[in-house]
>>> print(open('protein.cif').read())   # mmCIF, C-alpha atoms
data_upload
loop_
_atom_site.label_atom_id
_atom_site.label_comp_id
_atom_site.auth_asym_id
_atom_site.auth_seq_id
_atom_site.Cartn_x
_atom_site.Cartn_y
_atom_site.Cartn_z
CA MET A 1 123.37 -14.38 45.34
CA VAL A 2 123.09 -14.20 49.14
CA SER A 3 125.18 -16.77 50.99
CA PRO A 4 123.44 -18.77 53.74
CA ARG A 5 126.64 -18.98 55.76
CA LEU A 6 127.23 -15.22 55.57
CA LEU A 7 123.90 -14.33 57.15
CA LEU A 8 123.31 -17.34 59.41
CA SER A 9 124.24 -15.50 62.62
CA LEU A 10 122.01 -12.51 61.89
CA LEU A 11 119.04 -14.67 61.02
CA ALA A 12 119.57 -16.86 64.09
CA VAL A 13 119.19 -13.75 66.23
CA LEU A 14 116.02 -12.83 64.37
CA ALA A 15 114.72 -16.37 64.80
CA VAL A 16 115.24 -16.30 68.56
CA ALA A 17 113.54 -12.92 68.79
CA HIS A 18 110.53 -14.03 66.79
CA ALA A 19 110.40 -17.83 67.24
CA PHE A 20 107.13 -17.73 69.08
CA ALA A 21 105.44 -15.04 66.99
CA PRO A 22 102.54 -16.29 64.86
CA HIS A 23 103.34 -16.55 61.19
CA ALA A 24 101.39 -17.48 58.09
CA THR A 25 101.69 -20.66 56.03
CA GLN A 26 102.69 -20.08 53.33
CA PRO A 27 121.91 -44.88 24.54
CA LEU A 28 119.13 -45.29 23.73
CA ALA A 29 118.09 -43.26 20.74
CA ALA A 30 117.45 -46.18 18.42
CA ALA A 31 115.99 -48.43 21.08
CA ARG A 32 113.74 -45.66 22.26
CA ALA A 33 112.58 -44.90 18.74
CA CYS A 34 111.56 -48.53 18.33
CA ALA A 35 109.91 -48.55 21.74
CA ARG A 36 107.96 -45.44 20.85
CA ALA A 37 106.79 -47.01 17.68
CA VAL A 38 105.36 -50.05 19.47
CA ASP A 39 104.36 -48.62 22.48
CA ARG A 40 96.13 -33.90 52.99
CA LEU A 41 99.91 -35.66 56.19
CA ALA A 42 96.64 -36.72 57.48
CA THR A 43 93.25 -35.11 57.15
CA SER A 44 91.35 -34.25 60.32
CA SER A 45 87.92 -35.38 59.19
CA ALA A 46 86.47 -37.96 56.86
CA SER A 47 85.31 -36.90 53.43
CA THR A 48 83.55 -38.80 50.69
CA VAL A 49 83.86 -37.85 47.03
CA ALA A 50 82.35 -39.66 44.07
CA GLU A 51 84.23 -39.43 40.79
CA ASN A 52 81.58 -40.12 38.18
CA SER A 53 82.53 -37.96 35.22
CA PRO A 54 83.15 -40.08 32.12
CA PRO A 55 86.52 -40.15 30.36
CA ARG A 56 87.03 -37.50 27.73
CA PRO A 57 87.14 -38.76 24.16
CA SER A 58 90.71 -38.92 22.88
CA ALA A 59 89.71 -37.40 19.53
CA THR A 60 89.27 -34.00 21.16
CA ARG A 61 92.52 -34.01 23.11
CA PRO A 62 95.12 -31.34 22.23
CA SER A 63 98.69 -32.52 21.85
CA GLN A 64 100.28 -30.61 24.76
CA ARG A 65 99.38 -30.54 28.43
CA ARG A 66 98.74 -27.05 29.77
CA VAL A 67 99.17 -25.49 33.19
CA ALA A 68 95.73 -25.43 34.81
CA ARG A 69 96.71 -24.14 38.26
CA VAL A 70 99.77 -23.52 40.43
CA GLU A 71 99.75 -23.85 44.21
CA LYS A 72 102.29 -23.34 46.98
CA PHE A 73 101.80 -25.34 50.15
CA ALA A 74 103.04 -24.37 53.60
CA ARG A 75 106.55 -25.43 54.63
CA LEU A 76 106.77 -26.32 58.31
CA PRO A 77 109.95 -26.00 60.45
CA VAL A 78 111.24 -29.29 61.87
CA TRP A 79 114.47 -31.29 62.20
CA PRO A 80 115.86 -28.88 63.18
CA VAL A 81 113.16 -26.40 64.08
CA TRP A 82 115.58 -23.51 64.43
CA GLN A 83 116.85 -23.87 60.87
CA GLY A 84 113.30 -24.02 59.64
CA VAL A 85 112.55 -20.77 61.48
CA ILE A 86 115.61 -19.17 59.88
CA LEU A 87 114.33 -20.26 56.47
CA PHE A 88 110.94 -18.72 57.23
CA PHE A 89 112.52 -15.33 57.93
CA ALA A 90 114.86 -15.71 54.96
CA SER A 91 111.83 -16.14 52.70
CA ARG A 92 110.43 -12.87 54.04
CA VAL A 93 113.67 -10.90 53.80
CA PHE A 94 115.34 -12.30 50.68
CA GLY A 95 112.44 -13.98 48.88
CA GLN A 96 111.12 -17.49 48.56
CA GLU A 97 113.54 -18.59 45.85
CA VAL A 98 116.56 -17.70 47.99
CA ALA A 99 114.99 -19.57 50.92
CA ALA A 100 114.44 -22.56 48.63
CA GLU A 101 118.15 -22.59 47.77
CA TRP A 102 119.04 -22.38 51.44
CA GLU A 103 116.64 -25.19 52.32
CA ASP A 104 118.23 -27.38 49.67
CA ALA A 105 121.60 -26.66 51.27
CA ILE A 106 120.85 -26.89 55.01
CA GLY A 107 117.40 -28.49 55.51
CA GLY A 108 114.94 -27.88 58.32
CA ARG A 109 111.47 -28.06 56.75
CA VAL A 110 108.72 -30.40 55.62
CA CYS A 111 106.05 -29.63 53.01
CA PRO A 112 102.87 -31.74 52.97
CA ASN A 113 100.88 -31.32 49.75
CA PHE A 114 97.29 -31.95 50.81
CA PHE A 115 95.51 -32.90 47.61
CA THR A 116 91.83 -32.65 46.72
CA ALA A 117 90.45 -36.04 45.67
CA THR A 118 88.27 -34.64 42.87
CA GLU A 119 91.34 -33.12 41.21
CA THR A 120 94.17 -35.52 41.99
CA SER A 121 92.83 -39.10 42.03
CA PRO A 122 94.53 -41.54 42.35
CA PHE A 123 96.97 -39.46 44.42
CA VAL A 124 95.99 -38.63 48.00
CA LEU A 125 99.08 -36.94 49.43
CA LEU A 126 102.63 -35.90 48.59
CA VAL A 127 105.10 -34.92 51.31
CA HIS A 128 108.56 -33.47 50.70
CA HIS A 129 110.96 -33.77 53.66
CA ARG A 130 114.32 -31.96 53.85
CA HIS A 131 116.07 -32.26 57.22
CA ALA A 132 119.51 -32.23 58.81
CA PHE A 133 120.77 -33.84 62.02
CA MET A 134 124.01 -32.34 63.36
CA ASN A 135 126.13 -33.88 66.10
CA TRP A 136 127.13 -30.34 67.16
CA ASP A 137 123.55 -29.10 67.64
CA PRO A 138 122.58 -29.19 71.36
CA VAL A 139 118.90 -28.78 70.47
CA THR A 140 119.01 -32.19 68.75
CA TYR A 141 119.94 -33.98 71.97
CA ILE A 142 117.27 -32.18 73.98
CA GLN A 143 114.55 -32.61 71.36
CA ARG A 144 115.04 -36.34 70.89
CA THR A 145 114.12 -36.90 74.59
CA PHE A 146 110.52 -35.92 73.87
CA PHE A 147 110.22 -35.78 70.06
CA PRO A 148 111.36 -38.95 68.24
CA GLU A 149 113.62 -38.63 65.20
CA GLY A 150 111.11 -40.18 62.86
CA PHE A 151 107.65 -41.67 62.99
CA PRO A 152 106.93 -44.31 65.67
CA ALA A 153 104.51 -47.18 65.07
CA HIS A 154 101.28 -46.11 63.39
CA PRO A 155 98.57 -47.92 61.37
CA HIS A 156 97.50 -47.76 57.71
CA ARG A 157 94.83 -49.41 55.58
CA GLY A 158 93.59 -49.19 52.01
CA PHE A 159 96.35 -47.64 49.88
CA ILE A 160 100.04 -47.71 48.90
CA THR A 161 102.78 -45.54 50.35
CA VAL A 162 105.76 -44.90 48.07
CA THR A 163 108.80 -43.51 49.90
CA HIS A 164 111.57 -42.27 47.61
CA ILE A 165 114.77 -41.35 49.47
CA LEU A 166 116.89 -38.60 47.87
CA GLN A 167 119.43 -38.16 50.70
CA GLY A 168 120.04 -40.15 53.89
CA GLY A 169 117.75 -43.05 54.70
CA PHE A 170 115.09 -44.73 56.82
CA PHE A 171 114.88 -47.67 59.20
CA HIS A 172 111.56 -49.50 58.82
CA ARG A 173 110.00 -52.05 61.21
CA ASP A 174 106.43 -53.30 60.98
CA SER A 175 103.73 -55.52 62.48
CA LEU A 176 104.52 -58.29 59.97
CA GLY A 177 108.01 -58.66 61.45
CA ILE A 178 109.73 -57.01 58.46
CA LYS A 179 112.75 -54.81 59.09
CA GLN A 180 114.30 -52.78 56.28
CA SER A 181 117.05 -50.21 55.91
CA TYR A 182 116.94 -48.18 52.71
CA GLY A 183 118.06 -44.86 51.36
CA ALA A 184 120.31 -42.96 48.99
CA GLU A 185 123.68 -43.66 50.63
CA GLU A 186 126.31 -46.27 49.79
CA ARG A 187 125.38 -48.32 52.87
CA HIS A 188 121.88 -48.83 51.43
CA GLU A 189 123.26 -50.70 48.40
CA GLY A 190 120.98 -48.95 45.92
CA ASN A 191 117.72 -49.67 47.76
CA HIS A 192 116.28 -46.18 47.58
CA VAL A 193 112.50 -46.68 47.33
CA GLN A 194 110.06 -48.51 49.58
CA TRP A 195 106.79 -49.73 48.07
CA LEU A 196 104.45 -50.38 51.00
CA THR A 197 101.11 -52.03 50.29
CA THR A 198 99.10 -51.24 53.41
CA GLY A 199 96.26 -53.49 52.25
CA ALA A 200 93.96 -54.81 54.98
CA GLY A 201 96.13 -53.23 57.64
CA ILE A 202 99.69 -52.77 58.81
CA GLN A 203 101.52 -50.89 61.52
CA HIS A 204 105.00 -49.60 60.84
CA GLU A 205 107.60 -47.21 62.17
CA GLU A 206 109.89 -45.06 60.03
CA MET A 207 112.92 -43.66 61.82
CA TRP A 208 115.62 -41.52 60.23
CA ASP A 209 118.88 -43.36 59.54
CA VAL A 210 121.36 -40.95 61.11
CA SER A 211 123.89 -43.71 61.80
CA GLU A 212 126.51 -42.10 59.55
CA PRO A 213 127.43 -38.56 58.54
CA ASP A 214 127.27 -37.20 55.01
CA ALA A 215 130.09 -38.43 52.79
CA LYS A 216 131.77 -35.00 52.87
CA ASP A 217 131.83 -35.07 56.69
CA LYS A 218 133.19 -38.57 57.25
CA GLY A 219 136.20 -38.50 59.55
CA LYS A 220 135.31 -35.09 60.95
CA TRP A 221 134.47 -34.35 64.57
CA LEU A 222 131.59 -32.08 63.61
CA TRP A 223 129.26 -33.58 61.05
CA THR A 224 125.80 -33.47 59.52
CA SER A 225 123.48 -36.29 58.45
CA SER A 226 121.31 -34.86 55.66
CA GLN A 227 117.90 -36.36 55.01
CA GLU A 228 115.52 -35.81 52.10
CA LEU A 229 112.64 -37.79 50.67
CA TYR A 230 109.29 -37.83 48.96
CA GLN A 231 106.40 -39.85 50.33
CA ILE A 232 103.41 -40.39 48.06
CA TRP A 233 100.07 -41.85 49.12
CA LEU A 234 98.63 -43.69 46.12
CA ASN A 235 95.01 -44.82 46.25
CA VAL A 236 93.98 -48.24 44.93
CA PRO A 237 90.70 -49.60 43.56
CA ALA A 238 88.18 -50.90 46.08
CA ALA A 239 88.87 -54.50 45.04
CA HIS A 240 92.49 -54.14 46.23
CA LYS A 241 92.00 -52.26 49.49
CA MET A 242 91.90 -55.37 51.67
CA ALA A 243 94.85 -57.08 49.97
CA LYS A 244 97.59 -58.75 51.97
CA PRO A 245 99.94 -56.05 53.31
CA ASP A 246 103.56 -56.13 52.21
CA ALA A 247 106.71 -54.01 52.09
CA LYS A 248 109.29 -54.28 49.34
CA LEU A 249 112.38 -52.30 48.41
CA LEU A 250 113.16 -51.07 44.91
CA LYS A 251 116.77 -50.80 43.79
CA MET A 252 118.35 -48.27 41.45
CA HIS A 253 119.00 -49.64 37.95
CA ASN A 254 120.92 -47.61 35.38
CA VAL A 255 119.56 -48.39 31.94
CA GLU A 256 122.29 -49.28 29.45
CA TYR A 257 122.02 -49.39 25.66
CA GLY A 258 121.70 -52.95 24.46
CA GLY A 259 121.30 -54.19 28.02
CA SER A 260 119.00 -56.93 29.22
CA SER A 261 115.43 -56.40 30.39
CA ILE A 262 114.80 -54.32 33.48
CA PRO A 263 115.28 -56.52 36.60
CA VAL A 264 112.34 -57.04 38.95
CA ASP A 265 112.03 -54.71 41.94
CA THR A 266 114.11 -51.94 40.41
CA THR A 267 113.60 -48.37 39.30
CA PRO A 268 114.99 -47.67 35.81
CA ILE A 269 117.27 -44.62 35.73
CA ILE A 270 117.62 -43.15 32.24
CA LYS A 271 120.18 -40.57 31.21
CA SER A 272 119.26 -38.59 28.13
CA ASP A 273 121.40 -38.97 25.00
CA ASP A 274 122.76 -35.43 25.39
CA GLY A 275 123.48 -35.94 29.11
CA SER A 276 121.28 -33.05 30.20
CA THR A 277 118.63 -34.98 32.15
CA ILE A 278 118.27 -38.01 34.39
CA THR A 279 114.87 -39.68 34.68
CA THR A 280 114.04 -42.13 37.49
CA VAL A 281 110.92 -44.21 36.84
CA VAL A 282 109.49 -45.50 40.12
CA CYS A 283 106.32 -46.74 38.46
CA GLY A 284 104.82 -46.24 35.04
CA SER A 285 107.04 -45.69 32.00
CA HIS A 286 109.09 -43.11 30.16
CA ASP A 287 110.50 -43.19 26.65
CA GLY A 288 109.35 -46.78 26.18
CA ILE A 289 111.08 -47.98 29.38
CA ALA A 290 108.71 -49.27 32.07
CA ALA A 291 109.29 -49.81 35.76
CA PRO A 292 108.61 -53.46 36.63
CA VAL A 293 106.83 -52.84 39.95
CA GLU A 294 103.31 -54.27 40.00
CA CYS A 295 100.73 -51.60 40.74
CA PRO A 296 96.95 -52.14 40.89
CA THR A 297 96.44 -48.48 39.96
CA ASP A 298 97.20 -47.04 36.52
CA ALA A 299 99.76 -44.46 37.64
CA ALA A 300 103.25 -43.11 37.06
CA ILE A 301 105.75 -41.67 39.54
CA ILE A 302 108.76 -40.14 37.81
CA ARG A 303 111.63 -37.99 39.08
CA ILE A 304 113.18 -35.58 36.55
CA GLN A 305 116.61 -34.04 37.12
CA PHE A 306 118.04 -31.35 34.87
CA ILE A 307 121.80 -31.66 35.42
CA GLY A 308 123.20 -29.48 32.63
CA LYS A 309 124.25 -25.88 33.03
CA GLY A 310 122.61 -24.66 29.85
CA PRO A 311 119.00 -24.69 28.62
CA SER A 312 117.46 -28.12 28.06
CA THR A 313 114.07 -29.72 27.49
CA TRP A 314 112.53 -32.91 28.85
CA THR A 315 109.61 -34.43 26.95
CA HIS A 316 107.23 -37.17 27.99
CA ALA A 317 104.28 -38.98 26.42
CA LEU A 318 101.39 -39.33 28.85
CA PRO A 319 98.91 -42.17 28.47
CA VAL A 320 95.48 -40.97 27.32
CA ALA A 321 93.92 -42.35 30.52
CA HIS A 322 96.21 -40.24 32.73
CA GLU A 323 93.88 -37.30 33.10
CA THR A 324 95.54 -36.46 36.41
CA ALA A 325 99.02 -34.96 36.09
CA ILE A 326 100.81 -33.10 38.86
CA LEU A 327 104.31 -31.64 38.95
CA TYR A 328 106.16 -30.67 42.13
CA VAL A 329 109.23 -28.48 41.60
CA LYS A 330 111.76 -29.26 44.32
CA LYS A 331 114.77 -27.33 43.08
CA GLY A 332 115.40 -24.71 40.44
CA ALA A 333 112.84 -23.13 38.15
CA VAL A 334 111.30 -24.62 35.01
CA GLU A 335 109.01 -23.47 32.23
CA ILE A 336 105.83 -25.29 31.26
CA ASP A 337 103.38 -24.05 28.65
CA GLY A 338 105.23 -20.72 28.56
CA GLU A 339 104.83 -20.20 32.31
CA ARG A 340 107.80 -20.00 34.68
CA ILE A 341 107.36 -22.25 37.71
CA PRO A 342 109.57 -21.38 40.69
CA PRO A 343 110.87 -23.97 43.18
CA HIS A 344 108.56 -25.31 45.88
CA HIS A 345 105.44 -24.93 43.76
CA THR A 346 102.93 -27.61 42.76
CA VAL A 347 101.54 -27.55 39.22
CA TYR A 348 98.22 -29.11 38.24
CA LEU A 349 98.17 -29.83 34.51
CA SER A 350 95.15 -29.91 32.25
CA PRO A 351 93.53 -33.34 31.79
CA ASP A 352 93.79 -33.12 28.00
CA GLY A 353 96.90 -33.72 25.94
CA GLU A 354 99.28 -36.59 25.39
CA GLN A 355 102.59 -34.70 25.41
CA LEU A 356 104.40 -32.85 28.18
CA ALA A 357 107.37 -30.57 27.59
CA ILE A 358 109.36 -29.11 30.49
CA HIS A 359 112.06 -26.54 29.81
CA SER A 360 114.93 -25.66 32.11
CA ASN A 361 116.36 -22.31 31.05
CA GLU A 362 118.14 -21.45 34.30
CA GLY A 363 120.41 -24.43 34.89
CA GLU A 364 119.87 -27.33 37.27
CA ALA A 365 116.39 -28.32 38.39
CA ASP A 366 114.76 -31.28 40.15
CA LEU A 367 111.07 -32.16 40.05
CA LEU A 368 108.57 -34.96 40.51
CA LEU A 369 105.81 -35.98 38.09
CA LEU A 370 102.73 -37.80 39.30
CA SER A 371 100.24 -38.93 36.67
CA GLY A 372 97.43 -41.43 36.70
CA ALA A 373 93.97 -42.49 35.65
CA PRO A 374 91.27 -41.30 38.07
CA LEU A 375 89.73 -44.25 39.91
CA ARG A 376 86.16 -42.93 39.57
CA GLU A 377 85.19 -44.48 42.88
CA PRO A 378 84.05 -42.86 46.13
CA ILE A 379 86.92 -42.03 48.48
CA ALA A 380 86.92 -41.51 52.23
CA SER A 381 90.06 -40.61 54.13
CA GLN A 382 90.74 -39.91 57.77
CA GLY A 383 94.05 -39.92 59.56
CA SER A 384 96.14 -42.75 58.18
CA MET A 385 93.32 -44.71 56.50
CA VAL A 386 92.06 -44.37 52.92
CA MET A 387 88.89 -46.27 52.06
CA ASN A 388 85.72 -45.81 50.01
CA THR A 389 83.15 -44.93 52.69
CA ASN A 390 83.01 -43.39 56.15
CA ALA A 391 81.75 -46.68 57.54
CA GLU A 392 84.86 -48.43 56.21
CA ILE A 393 87.03 -45.77 57.83
CA GLN A 394 85.35 -46.33 61.20
CA LYS A 395 85.76 -50.09 60.84
CA ALA A 396 89.44 -49.64 60.05
CA TYR A 397 90.00 -47.77 63.29
CA MET A 398 87.94 -50.29 65.25
CA ASP A 399 90.05 -53.12 63.82
CA TYR A 400 93.19 -51.21 64.79
CA GLN A 401 91.93 -50.68 68.35
CA ARG A 402 91.03 -54.36 68.63
CA GLY A 403 94.60 -55.30 67.79
CA PHE A 404 93.80 -56.87 64.41
CA MET A 405 96.81 -55.02 62.96
CA GLY A 406 98.99 -56.04 65.89
CA LEU A 407 99.79 -53.70 68.75
CA PRO A 408 102.03 -50.63 68.53
CA TRP A 409 105.49 -50.76 70.09
CA ASP A 410 107.92 -48.24 71.50
CA HIS A 411 110.46 -47.03 68.96
CA THR A 412 113.24 -47.44 71.53
CA LEU A 413 112.85 -51.25 71.59
CA THR A 414 115.84 -53.23 70.38
CA ASP A 415 115.31 -55.44 67.34
CA GLU A 416 115.12 -58.48 69.61
CA GLU A 417 112.51 -56.83 71.83
CA TRP A 418 110.51 -55.66 68.81
CA ARG A 419 110.51 -59.14 67.26
CA GLU A 420 109.29 -60.62 70.53
CA HIS A 421 106.56 -58.00 70.72
CA VAL A 422 105.40 -58.84 67.19
CA ARG A 423 105.47 -62.56 68.04
CA GLN A 424 103.28 -62.02 71.09
CA ASN A 425 100.96 -59.54 69.38
CA PRO A 426 100.64 -60.81 65.82
CA SER A 427 98.73 -59.11 63.04
CA MET A 428 95.79 -61.12 61.71
CA TYR A 429 96.61 -59.95 58.19
#
>>> encode(input="protein.cif", output="structure tokens")
Amino acid sequence: MVSPRLLLSLLAVLAVAHAFAPHATQPLAAARACARAVDRLATSSASTVAENSPPRPSATRPSQRRVARVEKFARLPVWPVWQGVILFFASRVFGQEVAAEWEDAIGGRVCPNFFTATETSPFVLLVHHRHAFMNWDPVTYIQRTFFPEGFPAHPHRGFITVTHILQGGFFHRDSLGIKQSYGAEERHEGNHVQWLTTGAGIQHEEMWDVSEPDAKDKGKWLWTSSQELYQIWLNVPAAHKMAKPDAKLLKMHNVEYGGSSIPVDTTPIIKSDDGSTITTVVCGSHDGIAAPVECPTDAAIIRIQFIGKGPSTWTHALPVAHETAILYVKKGAVEIDGERIPPHHTVYLSPDGEQLAIHSNEGEADLLLLSGAPLREPIASQGSMVMNTNAEIQKAYMDYQRGFMGLPWDHTLTDEEWREHVRQNPSMY
């Protein structure tokens, strides 16, 4: 195994030499048994797709989901750019799986999964961020003068964004006057997911919470603030696109045997009976345990972590209606349908089958499952809007320009200044 630290200097030299060269993209057993028994970041142009194919009859469905296609999306260097460049060269010299291990350790890249509506409805986009902010990195201080550490105020309409923080956190402020701090650290008090209903229209900013170092670096002069998250864009039926916008936080909830019902606004976290896997249900259900979040779309968002050192298997029953099923492998390698899936690959599963079995034969792994019932409605998307027709997209941008979603603000405003701005420039939604 090649050590990132051992070769960091050499690769830094290579990165400087080639930085501007063009490069390609590249317990619950009994309870569960009873329960079972009763149970593109933004696209550059608008596109319209009608999903009219009828549901497949369940009588012809095989029992197991199969791998239909595997895709690897480009990983782009950012926060910090220089580490992302190092990872690019590492992938060329030592292979993509070594670079994936390094990325998990040091950060420096983002991977937008630009989906195709005909294949992935109701999911529009999945983005995996892995970044690191170091107080000893001079580039950080220079870059933040012209490149904000996050995403300043921008508009959305017509869908739901689900932001699941794995490390670090976010500060959120929006045109409704809502401010939230959430993430995976102790200071976030378990609030690790934001469920943002963009509805008729909302503007919000998302800035990285680098207010504290990683736990291992606390008390040190030189420290790192690690950041990692998934953001999913989830489409909604036409009848819900102009709903009232809202932002809520979902809190971690460890499921205990014999415990009470799952509290509202939580994400059930289920540890397998043998201790080999941890399953976080953001929406949908697993093993008879359902997330309580209200979702107008029939969908499931589930994180699967293999935490054991030896081989283990995770199984899941998919609803018949969930013809769309996508797996993103963040860390480690897994086997599905006899096919080895390396890290940083996206798997599209067959639409037929009610069972999914994922095997980890190489130790720890971490992946995300997205499944849902196709909406079978036209979809048009452009920039940060997701509607049903091009005309609705154009109207969304006209409403934004007219100030119907409030007016954007500078991310450097204090909370008092931002609140005054929102008061003077209110959203009509």
>>> resolve_selection(input="protein.cif", expression="the PyMOL selection byres ((chain A and resi 65-68) around 12)", output="PyMOL selection string")
chain A and resi 61-64+69-71+119+315-320+322-327+335-341+346-358+371
>>> closest_residue(input="protein.cif", among="A:Asp174, A:Gly201, A:Ile379, A:Glu189", to="Lys395 of chain A", atoms="all atoms listed in the file")
A:Gly201
>>> atom_distance(input="protein.cif", atom1="atom CA of Ala373 of chain A", atom2="atom CA of Ala299 of chain A")
6.4 Å
>>> resolve_selection(input="protein.cif", expression="the PyMOL selection byres ((chain A and resi 129-145) around 8)", output="VMD selection string")
chain A and resid 78 to 80 103 to 104 106 to 111 127 to 128 146 to 149 210 222 to 230
>>> atom_distance(input="protein.cif", atom1="atom CA of Pro292 of chain A", atom2="atom CA of Pro237 of chain A")
19.6 Å
>>> resolve_selection(input="protein.cif", expression="the PyMOL selection byres ((chain A and resi 375) around 7)", output="ChimeraX atom specification")
/A:121-122,237,373-374,376-377
>>> atom_distance(input="protein.cif", atom1="atom CA of Gln96 of chain A", atom2="atom CA of Val81 of chain A")
18.0 Å
>>> closest_residue(input="protein.cif", among="A:Ala333, A:Leu176, A:Ala90, A:Ala184", to="Met428 of chain A", atoms="only C-alpha atoms")
A:Leu176
>>> residues_near_point(input="protein.cif", point="(111.1, -60.9, 62.2)", cutoff="12 Å", atoms="all atoms listed in the file", output="list in words")
His172, Arg173, Asp174, Ser175, Leu176, Gly177, Ile178, Lys179, Gln180, Asp415, Glu416, Glu417, Trp418, Arg419, Glu420, His421, Val422, Arg423, Gln424 and Pro426 of chain A
>>> residues_around(input="protein.cif", residues="segment 242-248 of chain A", least_positions_apart="6", cutoff="12 Å", atoms="all atoms listed in the file", output="PyMOL selection string")
chain A and resi 155-163+172-182+191-204+236+264-266+293-294+296+385-388+392+396+405+427-429
>>> closest_residue(input="protein.cif", among="A:Gln305, A:Ser360, A:Gln394, A:Ser211", to="Pro342 of chain A", atoms="all atoms listed in the file")
A:Ser360
>>> closest_residue(input="protein.cif", among="A:Leu126, A:Ile307, A:Val255, A:Ala239", to="His286 of chain A", atoms="only C-alpha atoms")
A:Val255
>>> closest_residue(input="protein.cif", among="A:Lys72, A:Gly183, A:Ala99, A:Ala291", to="Val85 of chain A", atoms="all atoms listed in the file")
A:Ala99
>>> closest_residue(input="protein.cif", among="A:Trp208, A:Trp102, A:Phe123, A:Phe151", to="Leu369 of chain A", atoms="all atoms listed in the file")
A:Phe123
